[in-house]
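All remarks here apply to the structure that follows.
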Amino acid sequence: MARLVTSIAVVFLASAWAITGVPGTSLAEAIDEVEARLFARTLAIPVPGVEPSQLRDAYYDRRGAKLHEALDILAPRGTPVVATDDGYVVKLFRSVPGGLTVYQSDTANEVVFYYAHLDRYAEGLREGQRVQRGDVIGYVGTTGNAASDNPHLHFAIFKLPPGKEWWKGTPINPLPFYKRHVAN
């Protein structure tokens with residue numbers, strides 16, 4: 001019996017570690033209801049043709065005083081960027097750090113997917129537009145603070161607060177969602 005309990009505990013700890021990337025994290029700390037619902041879905045890697053094994057976890061990397069809290073997906077400039085999940089285009093925005101960006105909510109309006117450093121938007125893309133997983137929403141680029149010789153998609157996931165403000169979300173590490181379920 002003790003061996004069974006130990007085995008179950010190891011599985012839970014390994015699951016939490018896989019979700020967060022932080023050893024010693026408990027499953028309760030690692031995932032809440034919103035993340036559990038997101039984890040149950042199949043998300044498309046937002047750059048078609050990129051395999052999960054090619055994704056590098058940069059979520060905990062430092063960018064100056066801040067954590068990166070995103071994936072950087074390297075691809076040639078002009079490579080299509082697709083919606084990772086069904087949802088709605090919440091905001092099309094240009095910022096100094098992110099350059100040309102798309103904020104896309106899921107259909108339940110619980111999370112926002114953030115796509116940055118785009119070269120351009122897909123033709124006709126507009127705020128409020130419904131998108132489905134796999135729809136082209138933009139193209140890989142180097143806008144914002146991305147180095148001009150390093151085209152990539154900066155991709156992040158944010159859990160929305162009760163007021164559903166797209167700019168105030170809590171970051172979630174995207175990598176475990178692609179290591180578990182993949183649709184391209």
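We label chains A, B, ... in the order they appear in the structure tokens, count residues from 1 in each chain, and number ligands from 1 in the order shown.
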Using only C-alpha atoms, which residues sit within 7 Å of Pro171 of chain A once same-chain residues fewer than 6 positions away are excluded, as a PyMOL selection string?
chain A and resi 69+157-159
Could you write out that same residue set with N, CA and C atoms as a PDB file, in the first residue's frame?
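Okay, selection_16.pdb is ready:
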ATOM      1  N   GLU A  69       7.943  35.205 -19.453  1.00  0.00           N
ATOM      2  CA  GLU A  69       6.553  34.741 -19.369  1.00  0.00           C
ATOM      3  C   GLU A  69       5.911  34.505 -20.740  1.00  0.00           C
ATOM      4  N   ILE A 157       0.146  33.346 -22.923  1.00  0.00           N
ATOM      5  CA  ILE A 157      -1.236  33.072 -22.511  1.00  0.00           C
ATOM      6  C   ILE A 157      -1.454  33.772 -21.180  1.00  0.00           C
ATOM      7  N   PHE A 158      -2.596  34.454 -21.054  1.00  0.00           N
ATOM      8  CA  PHE A 158      -2.955  35.143 -19.818  1.00  0.00           C
ATOM      9  C   PHE A 158      -4.344  34.713 -19.372  1.00  0.00           C
ATOM     10  N   LYS A 159      -4.472  34.387 -18.083  1.00  0.00           N
ATOM     11  CA  LYS A 159      -5.778  34.117 -17.489  1.00  0.00           C
ATOM     12  C   LYS A 159      -6.407  35.459 -17.166  1.00  0.00           C
TER      13      LYS A 159
END
Would you mind listing, for every residue of segment 111-157 of chain A within 12 Å of segment 54-61 of chain A, the two atoms forming the shortest contact and the distance between them in Å to one decimal, using only C-alpha atoms, sorted by chain and ascending residue number, as a Markdown table?
| residue | atom | partner | partner_atom | distance |
| --- | --- | --- | --- | --- |
| A:His152 | CA | A:Leu55 | CA | 11.8 |
| A:Leu153 | CA | A:Leu55 | CA | 11.5 |
| A:His154 | CA | A:Ala58 | CA | 10.2 |
| A:Phe155 | CA | A:Tyr59 | CA | 10.1 |
| A:Ala156 | CA | A:Tyr59 | CA | 8.9 |
| A:Ile157 | CA | A:Tyr59 | CA | 10.7 |
So that I have them on file, write out the residues from the current selection with N, CA and C atoms, as a compact mmCIF listing (two decimals), in the first residue's frame.
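In the end it all went to result.txt:
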# COMPACT_ATOMS: atom_id res chain seq x y z
N HIS A 152 10.65 36.04 -35.10
CA HIS A 152 10.02 35.04 -34.24
C HIS A 152 8.65 35.54 -33.80
N LEU A 153 7.86 34.59 -33.33
CA LEU A 153 6.58 34.92 -32.70
C LEU A 153 6.79 34.87 -31.19
N HIS A 154 6.49 35.96 -30.52
CA HIS A 154 6.46 36.00 -29.06
C HIS A 154 5.02 35.62 -28.70
N PHE A 155 4.83 34.50 -28.01
CA PHE A 155 3.49 33.98 -27.74
C PHE A 155 3.30 33.78 -26.24
N ALA A 156 2.21 34.34 -25.72
CA ALA A 156 1.92 34.23 -24.30
C ALA A 156 0.44 33.89 -24.09
N ILE A 157 0.15 33.35 -22.92
CA ILE A 157 -1.24 33.07 -22.51
C ILE A 157 -1.45 33.77 -21.18
Proximity to Val102 of chain A - best of A:Thr79, A:Asn145, A:Thr84, A:Asn150, only C-alpha atoms:
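Residue with the minimum atom-to-atom distance to Val102 of chain A: A:Thr84.
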Rounded to one decimal in Å, what is the spacing between atom CA of Glu127 of chain A and atom CA of Leu38 of chain A?
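Separating atom CA of Glu127 of chain A from atom CA of Leu38 of chain A is a distance of 22.6 Å.
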Distance atom CA of Gln129 of chain A-atom CA of Gly169 of chain A, one decimal place?
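Between these atoms lies a distance of 20.6 Å.
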Using only C-alpha atoms, can you tell me which of A:Val131, A:Leu74, A:Val136, A:Ala146 comes closest to Leu100 of chain A?
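That would be A:Ala146, the residue with the smallest distance to Leu100 of chain A.
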